[in-house]
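Okay, so here's the structure we're looking at.
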Amino acid sequence: MSKNYKIAVIPGDGTGPEVVAEAVKVLQAAGRKYGFTLDLTTIDWGGEHYLATGELLPADAKARLEKFDAVLLGAIGHPGVKPGILEKGILLKLRFDLDQYINLRPVRLYPGVETPLAGKTPSDIDYVVVRENSGGVYTGMGGNVQIDTPDEVACQNWVYTRRQVDRCLKFAFELAARRHSAQEPWRGLSAEDRAAGYTSQLTLVGKTNVLTYVCGLWERAFNAMAKNYPTVKTAYCHVDATTMWMVKNPEWFDVIVTENLMGDIITDLAAMTAGGMGVSAGGNLNPNGVSMFEPIGGSAPKYTGKGVINPLAAIGAGAMMLDFLGEKAAAAAIESGIAQVTGTRLKSMAAGKMGYSTAEVGDLVVETLA
Ligand code: IPM
Ligand code: MN
């Protein structure tokens, strides 16, 4: 019997609706080929809805989304709304309320995509960042006193519980363990590593030399859990050095795991090394609940309605969604379709410079599925 997935689609603001339309087109084509159907429900939350109604999210937003198998999000961000309102009131609120404690951000240089890293090729830039998505400074604890006086004190607490750290690390170790196999180990392992039984590498990113309490917790939890994953070689890298190696030697990374804000920062850098926002997708995952997939580029207001924005990031987010739903073959086919389109068709990944319209790029990916 063919499967039917209930998907909530939140096109959101700016170019969100345009790119989501292409993602949906590709997902439906994949469904026809791989034997599943999508039951799509469009939800209008975002900047326009907020400006029209004053509502960020309805009180039952969580309950409504929990009825779906997954959420596909376009972009949240509107030039008419003060920065921070929509981000906190919609995007972060959904991540928190749905307990999407993993932010999974693959960093993959597709063929034909220009990278600012001289001399690096697709085989050098192919890793994934597991960003903790529920804690850290994003928890929102803190405050200001003596506001607007010379003695103002501001405090933003960086909090983690062992449970939060452990569930994130467990996800990362499991992802690393299944990303490669004994037959096809990660390319960065030495002959000795392979002889020792390693197939993958997981790098913890932190700042244990200074931020000893929180990063100490991550490090102890990481080392304790490593014992359960004999095929995963572990490594550690300070966050500042990580930005350096991501530019100089991206081939050193297989899977990275890190806390929320550090992950936020390094994944923007990582996205740029892999060709920028036009192609970067991410998933906000709750492995026991409802996950939400999004292109990480934002709403790009100046390109809205012009049909010039690159939809590949949204299409990639759709592929991640299928992978997470268990439609592995369809997800892999879309991924390879994206690679064919970047490798053989698009002139550039940048908005307006692709050589095709937004909809034509969607069609090109659909053609690869035929
Ligand atoms: C991201 C974004 C968000 C974050 C903002 C918009 C709240 O930068 O998804 O990386 O900080 O997580
Ligand atoms: Mn970010």
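By convention here, the chains of the structure tokens are called A, B, ... in the order presented, each chain's residues are numbered starting at 1, and ligands are numbered starting at 1 in the order presented.
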Could the residues of chain A that have an atom at most 10 Å from ligand 1 be listed as JSON lines, each with its closest atom pair and the distance in Å to one decimal, counting only C-alpha atoms and all ligand atoms and ordered by chain and ascending residue number?
{"residue": "A:Ala75", "atom": "CA", "partner": "ligand 1", "partner_atom_place_in_ligand_line": "6 (C)", "distance": 9.3}
{"residue": "A:Ile76", "atom": "CA", "partner": "ligand 1", "partner_atom_place_in_ligand_line": "6 (C)", "distance": 7.7}
{"residue": "A:Gly77", "atom": "CA", "partner": "ligand 1", "partner_atom_place_in_ligand_line": "6 (C)", "distance": 8.0}
{"residue": "A:Pro83", "atom": "CA", "partner": "ligand 1", "partner_atom_place_in_ligand_line": "6 (C)", "distance": 9.1}
{"residue": "A:Gly84", "atom": "CA", "partner": "ligand 1", "partner_atom_place_in_ligand_line": "7 (C)", "distance": 7.4}
{"residue": "A:Ile85", "atom": "CA", "partner": "ligand 1", "partner_atom_place_in_ligand_line": "7 (C)", "distance": 9.5}
{"residue": "A:Leu86", "atom": "CA", "partner": "ligand 1", "partner_atom_place_in_ligand_line": "6 (C)", "distance": 8.4}
{"residue": "A:Glu87", "atom": "CA", "partner": "ligand 1", "partner_atom_place_in_ligand_line": "7 (C)", "distance": 4.7}
{"residue": "A:Lys88", "atom": "CA", "partner": "ligand 1", "partner_atom_place_in_ligand_line": "7 (C)", "distance": 6.1}
{"residue": "A:Gly89", "atom": "CA", "partner": "ligand 1", "partner_atom_place_in_ligand_line": "7 (C)", "distance": 9.4}
{"residue": "A:Ile90", "atom": "CA", "partner": "ligand 1", "partner_atom_place_in_ligand_line": "7 (C)", "distance": 9.0}
{"residue": "A:Leu91", "atom": "CA", "partner": "ligand 1", "partner_atom_place_in_ligand_line": "7 (C)", "distance": 6.5}
{"residue": "A:Leu92", "atom": "CA", "partner": "ligand 1", "partner_atom_place_in_ligand_line": "7 (C)", "distance": 5.9}
{"residue": "A:Lys93", "atom": "CA", "partner": "ligand 1", "partner_atom_place_in_ligand_line": "7 (C)", "distance": 9.5}
{"residue": "A:Arg95", "atom": "CA", "partner": "ligand 1", "partner_atom_place_in_ligand_line": "12 (O)", "distance": 9.2}
{"residue": "A:Asn103", "atom": "CA", "partner": "ligand 1", "partner_atom_place_in_ligand_line": "9 (O)", "distance": 8.4}
{"residue": "A:Arg105", "atom": "CA", "partner": "ligand 1", "partner_atom_place_in_ligand_line": "10 (O)", "distance": 9.6}
{"residue": "A:Arg131", "atom": "CA", "partner": "ligand 1", "partner_atom_place_in_ligand_line": "12 (O)", "distance": 9.6}
{"residue": "A:Asn133", "atom": "CA", "partner": "ligand 1", "partner_atom_place_in_ligand_line": "12 (O)", "distance": 7.7}
{"residue": "A:Ser134", "atom": "CA", "partner": "ligand 1", "partner_atom_place_in_ligand_line": "12 (O)", "distance": 10.0}
{"residue": "A:Tyr138", "atom": "CA", "partner": "ligand 1", "partner_atom_place_in_ligand_line": "11 (O)", "distance": 8.1}
{"residue": "A:Asn260", "atom": "CA", "partner": "ligand 1", "partner_atom_place_in_ligand_line": "12 (O)", "distance": 7.8}
{"residue": "A:Leu261", "atom": "CA", "partner": "ligand 1", "partner_atom_place_in_ligand_line": "11 (O)", "distance": 7.3}
{"residue": "A:Gly263", "atom": "CA", "partner": "ligand 1", "partner_atom_place_in_ligand_line": "10 (O)", "distance": 8.2}
{"residue": "A:Asp264", "atom": "CA", "partner": "ligand 1", "partner_atom_place_in_ligand_line": "10 (O)", "distance": 5.0}
{"residue": "A:Ile265", "atom": "CA", "partner": "ligand 1", "partner_atom_place_in_ligand_line": "10 (O)", "distance": 7.6}
{"residue": "A:Ile266", "atom": "CA", "partner": "ligand 1", "partner_atom_place_in_ligand_line": "10 (O)", "distance": 9.6}
{"residue": "A:Thr267", "atom": "CA", "partner": "ligand 1", "partner_atom_place_in_ligand_line": "10 (O)", "distance": 7.5}
{"residue": "A:Asp268", "atom": "CA", "partner": "ligand 1", "partner_atom_place_in_ligand_line": "10 (O)", "distance": 7.3}
{"residue": "A:Gly282", "atom": "CA", "partner": "ligand 1", "partner_atom_place_in_ligand_line": "9 (O)", "distance": 8.3}
{"residue": "A:Gly283", "atom": "CA", "partner": "ligand 1", "partner_atom_place_in_ligand_line": "9 (O)", "distance": 9.6}
{"residue": "A:Asn284", "atom": "CA", "partner": "ligand 1", "partner_atom_place_in_ligand_line": "9 (O)", "distance": 9.0}
{"residue": "A:Glu294", "atom": "CA", "partner": "ligand 1", "partner_atom_place_in_ligand_line": "9 (O)", "distance": 8.6}
{"residue": "A:Pro295", "atom": "CA", "partner": "ligand 1", "partner_atom_place_in_ligand_line": "9 (O)", "distance": 9.0}
{"residue": "A:Ile296", "atom": "CA", "partner": "ligand 1", "partner_atom_place_in_ligand_line": "9 (O)", "distance": 6.0}
{"residue": "A:Gly297", "atom": "CA", "partner": "ligand 1", "partner_atom_place_in_ligand_line": "9 (O)", "distance": 8.5}
{"residue": "A:Gly298", "atom": "CA", "partner": "ligand 1", "partner_atom_place_in_ligand_line": "6 (C)", "distance": 7.8}
Write the residues of the selection above to a file with N, CA and C atoms, as a tab-separated table (two decimals), in the first residue's frame.
chain	number	residue	atom	x	y	z
A	75	ALA	N	10.20	30.72	4.52
A	75	ALA	CA	11.08	31.69	5.17
A	75	ALA	C	10.24	32.58	6.07
A	76	ILE	N	10.85	32.99	7.16
A	76	ILE	CA	10.18	33.93	8.07
A	76	ILE	C	11.04	35.18	8.14
A	77	GLY	N	10.47	36.35	7.90
A	77	GLY	CA	11.24	37.60	7.94
A	77	GLY	C	10.58	38.60	7.01
A	83	PRO	N	13.18	43.59	13.41
A	83	PRO	CA	13.93	42.34	13.53
A	83	PRO	C	13.77	41.72	14.93
A	84	GLY	N	13.63	40.43	14.97
A	84	GLY	CA	13.53	39.74	16.25
A	84	GLY	C	12.13	39.26	16.57
A	85	ILE	N	11.13	40.02	16.13
A	85	ILE	CA	9.75	39.68	16.50
A	85	ILE	C	9.32	38.36	15.85
A	86	LEU	N	9.48	38.30	14.54
A	86	LEU	CA	9.04	37.09	13.83
A	86	LEU	C	9.97	35.92	14.11
A	87	GLU	N	11.27	36.22	14.18
A	87	GLU	CA	12.25	35.16	14.42
A	87	GLU	C	11.94	34.47	15.75
A	88	LYS	N	11.75	35.31	16.79
A	88	LYS	CA	11.49	34.73	18.12
A	88	LYS	C	10.07	34.21	18.22
A	89	GLY	N	9.14	34.98	17.69
A	89	GLY	CA	7.73	34.67	17.89
A	89	GLY	C	7.22	33.53	17.02
A	90	ILE	N	7.90	33.26	15.92
A	90	ILE	CA	7.43	32.18	15.05
A	90	ILE	C	8.48	31.07	14.95
A	91	LEU	N	9.62	31.41	14.35
A	91	LEU	CA	10.61	30.36	14.06
A	91	LEU	C	11.13	29.68	15.34
A	92	LEU	N	11.65	30.50	16.26
A	92	LEU	CA	12.21	29.90	17.48
A	92	LEU	C	11.10	29.28	18.33
A	93	LYS	N	9.93	29.93	18.35
A	93	LYS	CA	8.83	29.39	19.16
A	93	LYS	C	8.42	28.00	18.65
A	95	ARG	N	10.33	25.90	16.96
A	95	ARG	CA	11.42	24.96	17.27
A	95	ARG	C	11.33	24.50	18.73
A	103	ASN	N	19.24	20.67	15.04
A	103	ASN	CA	19.22	21.42	13.79
A	103	ASN	C	20.30	20.81	12.90
A	105	ARG	N	22.34	20.40	9.59
A	105	ARG	CA	22.71	21.24	8.46
A	105	ARG	C	23.82	20.60	7.64
A	131	ARG	N	23.64	20.77	14.99
A	131	ARG	CA	23.57	21.91	15.91
A	131	ARG	C	22.50	21.63	16.96
A	133	ASN	N	19.59	22.47	19.26
A	133	ASN	CA	18.59	23.45	18.82
A	133	ASN	C	17.59	23.80	19.91
A	134	SER	N	17.87	23.42	21.15
A	134	SER	CA	16.85	23.66	22.18
A	134	SER	C	17.38	24.40	23.39
A	138	TYR	N	20.00	30.46	23.62
A	138	TYR	CA	18.67	30.55	23.01
A	138	TYR	C	17.55	30.24	24.00
A	260	ASN	N	24.15	25.30	20.52
A	260	ASN	CA	23.24	26.08	19.68
A	260	ASN	C	23.86	27.31	19.01
A	261	LEU	N	24.38	28.24	19.78
A	261	LEU	CA	24.89	29.48	19.18
A	261	LEU	C	26.15	29.25	18.34
A	263	GLY	N	26.79	26.59	16.80
A	263	GLY	CA	26.29	25.94	15.59
A	263	GLY	C	25.65	26.94	14.64
A	264	ASP	N	24.95	27.90	15.20
A	264	ASP	CA	24.34	28.95	14.37
A	264	ASP	C	25.42	29.67	13.58
A	265	ILE	N	26.47	30.04	14.26
A	265	ILE	CA	27.53	30.84	13.63
A	265	ILE	C	28.31	30.01	12.60
A	266	ILE	N	28.75	28.84	13.00
A	266	ILE	CA	29.60	28.09	12.05
A	266	ILE	C	28.82	27.60	10.84
A	267	THR	N	27.50	27.42	10.97
A	267	THR	CA	26.77	26.92	9.80
A	267	THR	C	26.53	28.01	8.75
A	268	ASP	N	26.55	29.27	9.13
A	268	ASP	CA	26.51	30.31	8.09
A	268	ASP	C	27.83	30.31	7.32
A	282	GLY	N	18.22	22.93	5.78
A	282	GLY	CA	18.39	22.42	7.13
A	282	GLY	C	17.11	21.78	7.64
A	283	GLY	N	17.27	20.96	8.67
A	283	GLY	CA	16.10	20.34	9.30
A	283	GLY	C	16.12	20.59	10.78
A	284	ASN	N	14.98	21.02	11.31
A	284	ASN	CA	14.80	21.13	12.76
A	284	ASN	C	14.10	19.85	13.19
A	294	GLU	N	13.63	23.46	6.31
A	294	GLU	CA	13.63	24.82	5.76
A	294	GLU	C	14.91	25.10	4.95
A	295	PRO	N	14.77	25.91	3.91
A	295	PRO	CA	15.97	26.47	3.29
A	295	PRO	C	16.53	27.47	4.30
A	296	ILE	N	17.83	27.58	4.48
A	296	ILE	CA	18.29	28.43	5.58
A	296	ILE	C	18.56	29.87	5.13
A	297	GLY	N	18.18	30.19	3.90
A	297	GLY	CA	18.53	31.50	3.36
A	297	GLY	C	17.73	32.71	3.79
A	298	GLY	N	16.56	32.54	4.32
A	298	GLY	CA	15.77	33.71	4.68
A	298	GLY	C	14.83	34.15	3.58
Need the shell around A:Glu367: protein/DNA/RNA residues with any atom at most 10 Å away, counting only C-alpha atoms. Skip same-chain ones fewer than 4 positions apart. Format as a compact mmCIF listing (two decimals) with all heavy atoms, in the first residue's frame?
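The resulting file, around.txt, is reproduced below:
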# COMPACT_ATOMS: atom_id res chain seq x y z
N VAL A 26 8.58 19.27 -6.83
CA VAL A 26 9.56 18.18 -6.89
C VAL A 26 9.13 17.02 -5.99
O VAL A 26 9.22 15.84 -6.37
CB VAL A 26 10.96 18.70 -6.50
CG1 VAL A 26 11.95 17.55 -6.36
CG2 VAL A 26 11.46 19.72 -7.53
N ALA A 29 6.43 15.06 -7.68
CA ALA A 29 6.98 14.24 -8.77
C ALA A 29 7.68 13.01 -8.19
O ALA A 29 7.55 11.89 -8.71
CB ALA A 29 7.95 15.06 -9.61
N GLY A 337 19.42 14.61 -8.28
CA GLY A 337 18.84 15.53 -9.27
C GLY A 337 19.37 16.94 -9.09
O GLY A 337 19.71 17.62 -10.07
N VAL A 341 21.53 19.11 -11.80
CA VAL A 341 21.12 20.44 -12.26
C VAL A 341 22.23 21.47 -12.00
O VAL A 341 22.54 22.29 -12.87
CB VAL A 341 19.79 20.84 -11.59
CG1 VAL A 341 19.47 22.31 -11.83
CG2 VAL A 341 18.66 19.97 -12.12
N VAL A 361 13.96 26.07 -12.71
CA VAL A 361 14.90 25.26 -11.95
C VAL A 361 14.17 24.09 -11.29
O VAL A 361 14.65 22.95 -11.29
CB VAL A 361 15.67 26.11 -10.91
CG1 VAL A 361 16.55 25.23 -10.03
CG2 VAL A 361 16.53 27.16 -11.61
N GLY A 362 12.97 24.37 -10.77
CA GLY A 362 12.15 23.28 -10.22
C GLY A 362 11.86 22.23 -11.29
O GLY A 362 11.99 21.02 -11.05
N ASP A 363 11.52 22.70 -12.50
CA ASP A 363 11.24 21.77 -13.61
C ASP A 363 12.46 20.93 -13.95
O ASP A 363 12.35 19.74 -14.25
CB ASP A 363 10.80 22.53 -14.87
CG ASP A 363 9.44 23.20 -14.68
OD1 ASP A 363 8.67 22.77 -13.80
OD2 ASP A 363 9.16 24.18 -15.41
Could you list, as a PyMOL selection string, every residue within 10 Å of A:Asn209, counting only C-alpha atoms and ignoring same-chain residues fewer than 4 positions away? chain A and resi 215-216+238
Would you pick out the contacts of A:Val137 at 10 Å or less, using only C-alpha atoms, so that residues sharing its chain but fewer than 6 positions from it are not included, and give the list as a count of residues only? 8
Hey, what's within 9 Å of A:Ser123 if we count only C-alpha atoms and toss same-chain stuff fewer than 2 positions away? As JSON, numbers by chain, please? {"A": [108, 109, 120, 121, 125, 126, 187, 251]}
Figure out the distance between atom CA of A:Ile256 and atom CA of A:Gly197, please, to one decimal in Å.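 Value for the atom CA of A:Gly197-atom CA of A:Ile256 distance: 19.8 Å.
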How many Å lie between atom CA of A:Glu22 and atom CA of A:Val365, rounded to one decimal?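 Between atom CA of A:Glu22 and atom CA of A:Val365 the gap is 9.3 Å.
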Report the residues of stretch 91-232 of chain A whose backbone DSSP state falls under strand (DSSP E or B), written as JSON, numbers by chain. {"A": [102, 103, 104, 105, 106, 107, 108, 126, 127, 128, 129, 130, 131, 132, 136, 142, 143, 144, 145, 153, 154, 155, 156, 159, 200, 201, 202, 203, 204, 205, 206, 232]}
What is the distance between atom CA of A:Asp240 and atom CA of A:Asn144, in Å to one decimal? 28.1 Å
Would you give me, as a PyMOL selection string, the residues in stretch 206-242 of chain A that DSSP reads as alpha helix (DSSP H)? chain A and resi 212-226+239-242
Under the rule that only C-alpha atoms and all ligand atoms are counted, which of A:Leu364, A:Ala235, A:Leu269, A:Ala154 is the nearest residue to ligand 2?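 Residue with the minimum atom-to-atom distance to ligand 2: A:Leu269.
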Please identify all polymer residues within 12 Å of A:Lys347, counting only C-alpha atoms, omitting same-chain residues fewer than 2 positions from it, and present them as a list of chain:residue names. A:Pro111, A:Gly112, A:Val113, A:Glu114, A:Asn310, A:Val341, A:Thr342, A:Gly343, A:Thr344, A:Arg345, A:Met349, A:Ala350, A:Ala351, A:Gly352, A:Lys353, A:Met354, A:Gly355, A:Tyr356, A:Ser357, A:Val361
Please save N, CA, C and O atoms of the selected residues as a short mmCIF file (atom, residue, chain, number, x, y, z; two decimals), in the first residue's frame.
data_model
loop_
_atom_site.label_atom_id
_atom_site.label_comp_id
_atom_site.auth_asym_id
_atom_site.auth_seq_id
_atom_site.Cartn_x
_atom_site.Cartn_y
_atom_site.Cartn_z
N PRO A 111 28.34 19.63 -7.44
CA PRO A 111 29.16 19.86 -8.64
C PRO A 111 28.70 21.11 -9.38
O PRO A 111 27.51 21.40 -9.43
N GLY A 112 29.64 21.83 -9.92
CA GLY A 112 29.29 23.02 -10.70
C GLY A 112 29.02 24.24 -9.85
O GLY A 112 28.79 25.33 -10.37
N VAL A 113 29.02 24.08 -8.54
CA VAL A 113 28.75 25.22 -7.66
C VAL A 113 30.07 25.87 -7.27
O VAL A 113 31.03 25.18 -6.91
N GLU A 114 30.09 27.19 -7.37
CA GLU A 114 31.32 27.90 -7.08
C GLU A 114 31.51 28.03 -5.56
O GLU A 114 30.59 28.44 -4.86
N ASN A 310 16.74 31.27 -6.18
CA ASN A 310 17.13 29.87 -6.37
C ASN A 310 16.31 28.96 -5.44
O ASN A 310 16.38 29.11 -4.22
N VAL A 341 21.53 19.11 -11.80
CA VAL A 341 21.12 20.44 -12.26
C VAL A 341 22.23 21.47 -12.00
O VAL A 341 22.54 22.29 -12.87
N THR A 342 22.85 21.41 -10.83
CA THR A 342 23.95 22.36 -10.57
C THR A 342 25.14 22.04 -11.46
O THR A 342 25.83 22.94 -11.94
N GLY A 343 25.37 20.76 -11.69
CA GLY A 343 26.56 20.35 -12.43
C GLY A 343 26.46 20.59 -13.92
O GLY A 343 27.48 20.81 -14.58
N THR A 344 25.24 20.56 -14.46
CA THR A 344 25.14 20.61 -15.91
C THR A 344 24.28 21.75 -16.45
O THR A 344 24.31 22.02 -17.64
N ARG A 345 23.51 22.44 -15.60
CA ARG A 345 22.58 23.42 -16.14
C ARG A 345 22.78 24.84 -15.61
O ARG A 345 22.91 25.77 -16.40
N MET A 349 24.53 30.06 -8.77
CA MET A 349 23.51 29.77 -7.76
C MET A 349 22.80 31.04 -7.31
O MET A 349 21.83 31.00 -6.58
N ALA A 350 23.31 32.19 -7.74
CA ALA A 350 22.81 33.47 -7.22
C ALA A 350 21.47 33.85 -7.86
O ALA A 350 21.22 33.55 -9.03
N ALA A 351 20.65 34.52 -7.07
CA ALA A 351 19.35 34.98 -7.57
C ALA A 351 19.55 35.84 -8.81
O ALA A 351 20.39 36.72 -8.84
N GLY A 352 18.77 35.54 -9.85
CA GLY A 352 18.82 36.33 -11.08
C GLY A 352 19.96 35.94 -12.02
O GLY A 352 20.04 36.44 -13.14
N LYS A 353 20.84 35.06 -11.58
CA LYS A 353 22.00 34.73 -12.42
C LYS A 353 22.04 33.25 -12.79
O LYS A 353 23.05 32.75 -13.28
N MET A 354 20.94 32.55 -12.52
CA MET A 354 20.96 31.10 -12.71
C MET A 354 20.91 30.71 -14.19
O MET A 354 21.28 29.60 -14.55
N GLY A 355 20.39 31.66 -15.02
CA GLY A 355 20.15 31.30 -16.42
C GLY A 355 18.77 30.69 -16.60
O GLY A 355 18.38 30.35 -17.72
N TYR A 356 18.03 30.54 -15.54
CA TYR A 356 16.68 29.98 -15.54
C TYR A 356 15.87 30.71 -14.47
O TYR A 356 16.43 31.26 -13.53
N SER A 357 14.56 30.65 -14.62
CA SER A 357 13.70 31.21 -13.58
C SER A 357 13.58 30.22 -12.42
O SER A 357 13.96 29.04 -12.55
N VAL A 361 13.96 26.07 -12.71
CA VAL A 361 14.90 25.26 -11.95
C VAL A 361 14.17 24.09 -11.29
O VAL A 361 14.65 22.95 -11.29
#
Tell me, as an MDAnalysis selection string, which residues lie within 12 Å of A:Trp245, counting only C-alpha atoms; anything in the same chain fewer than 3 positions away does not count. chainID A and resid 117 124:125 205 237:242 248:253 266 269:270 273
Select, from A:Leu285, A:Ala226, A:Met262, A:Leu189, the residue with the minimum atom-to-atom distance to ligand 2, counting only C-alpha atoms and all ligand atoms.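 Of A:Leu285, A:Ala226, A:Met262, A:Leu189, the one nearest ligand 2, counting only C-alpha atoms and all ligand atoms, is A:Met262.
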